[in-house]
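Step one of this worksheet: look at the structure below.
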Amino acid sequence: MTGLKPVVKRPTYRFELSTERKNVKIGRGFSEGELEKAGLTIQEAKKYKIPIDKRRKTVYEDNVNLLKKFVEEKKQQESKKEAQTSNTQSSNKS
């Protein structure tokens with residue numbers, strides 16, 4: 001499991017003072033809309049072990065940007081691994 005978690009707004013409660021209230025919290029997972037805006041399918045998100053919360057409907061730009069950055073880093077890591085494996089295979093054939 002990745003340490004990737006979205007930031008979401010908290011629900012309000014009648015009994016808490018507005019001065020003590022925190023506006024955001026760490027969410028359970030990313031909404032399907034956030035995944036879609038970041039250019040990911042649910043299958044790709046599961047492949048990258050990104051948590052998904054199907055109950056959430058909101059789309060926050062901060063979370064979309066976080067997903068885009070995360071996926072870009074993962075793709076760079078995959079391309080480095082492919083380059084390393086192709087280099088080792090070519091050296092083994094020689």
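Labels for the structure tokens follow display order: chains A, B, ..., residues from 1 in each chain, ligands from 1.
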(message) So that I can check the surroundings of region 36-50 of chain A, please list as JSON, numbers by chain every protein, DNA and RNA residue that reaches within 10 Å of it, counting only C-alpha atoms and ignoring chain neighbours fewer than 6 positions away.
(response) {"A": [1, 2, 3, 4, 5, 29, 30, 59, 60, 61, 63, 64, 65, 66, 67, 68, 69, 70, 71, 74]}
Write the residues of the preceding selection, restricted to N, CA and C atoms, as a compact mmCIF listing (two decimals), in the first residue's frame.
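The file below, out11.txt, is the result:
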```
# COMPACT_ATOMS: atom_id res chain seq x y z
N MET A 1 0.84 -1.18 0.00
CA MET A 1 0.00 0.00 0.00
C MET A 1 0.89 1.24 0.00
N THR A 2 0.50 2.20 -0.80
CA THR A 2 1.28 3.43 -0.86
C THR A 2 0.87 4.37 0.26
N GLY A 3 1.69 5.35 0.52
CA GLY A 3 1.37 6.35 1.53
C GLY A 3 0.56 7.49 0.94
N LEU A 4 0.01 7.27 -0.23
CA LEU A 4 -0.73 8.30 -0.96
C LEU A 4 -2.15 8.39 -0.41
N LYS A 5 -2.52 9.53 0.15
CA LYS A 5 -3.86 9.74 0.68
C LYS A 5 -4.36 11.11 0.27
N GLY A 29 -9.66 7.55 0.50
CA GLY A 29 -9.17 7.25 -0.84
C GLY A 29 -9.60 8.33 -1.81
N PHE A 30 -9.13 8.22 -3.03
CA PHE A 30 -9.45 9.21 -4.06
C PHE A 30 -10.79 8.87 -4.71
N VAL A 59 -14.40 16.43 -6.36
CA VAL A 59 -13.14 16.44 -7.10
C VAL A 59 -12.37 17.67 -6.67
N TYR A 60 -11.24 17.47 -6.01
CA TYR A 60 -10.39 18.57 -5.57
C TYR A 60 -9.15 18.62 -6.45
N GLU A 61 -8.83 19.82 -6.93
CA GLU A 61 -7.69 20.00 -7.84
C GLU A 61 -6.37 19.60 -7.18
N ASN A 63 -5.87 17.19 -5.09
CA ASN A 63 -5.76 15.73 -5.16
C ASN A 63 -5.45 15.27 -6.59
N VAL A 64 -6.04 15.95 -7.58
CA VAL A 64 -5.77 15.60 -8.98
C VAL A 64 -4.30 15.84 -9.30
N ASN A 65 -3.78 16.99 -8.85
CA ASN A 65 -2.36 17.30 -9.09
C ASN A 65 -1.45 16.29 -8.38
N LEU A 66 -1.83 15.88 -7.18
CA LEU A 66 -1.06 14.88 -6.44
C LEU A 66 -1.02 13.55 -7.20
N LEU A 67 -2.16 13.16 -7.75
CA LEU A 67 -2.23 11.92 -8.52
C LEU A 67 -1.38 12.00 -9.78
N LYS A 68 -1.46 13.13 -10.49
CA LYS A 68 -0.68 13.29 -11.72
C LYS A 68 0.81 13.18 -11.43
N LYS A 69 1.24 13.84 -10.35
CA LYS A 69 2.66 13.80 -9.98
C LYS A 69 3.08 12.38 -9.61
N PHE A 70 2.25 11.68 -8.86
CA PHE A 70 2.54 10.32 -8.43
C PHE A 70 2.67 9.38 -9.63
N VAL A 71 1.73 9.48 -10.57
CA VAL A 71 1.74 8.60 -11.74
C VAL A 71 2.94 8.89 -12.62
N LYS A 74 5.88 7.20 -11.08
CA LYS A 74 5.80 5.75 -11.27
C LYS A 74 6.20 5.36 -12.68
```
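CA of Thr12 (chain A) to CA of Glu32 (chain A) spans 23.6 Å [interatomic distance, one decimal].
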(request) Please measure the separation of CA of Ser31 (chain A) and CA of Glu73 (chain A), giving the value in Å to one decimal. (result) 20.5 Å
(request) Identify, with DSSP run on backbone atoms, the residues in chain A assigned to strand (DSSP E), and express the list as a list in words. (result) Val7, Val8, Lys9, Val24, Lys25 and Ile26 of chain A
(request) For Lys25 (chain A), please output as a count of residues only all residues within 12 Å (counting only C-alpha atoms; exclusion window: fewer than 4 positions along the same chain). (result) 9
(request) Please measure the separation of CA of Glu34 (chain A) and CA of Lys57 (chain A), giving the value in Å to one decimal. (result)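 Taking CA of Glu34 (chain A) as the start and CA of Lys57 (chain A) as the end point, the length is 8.9 Å.
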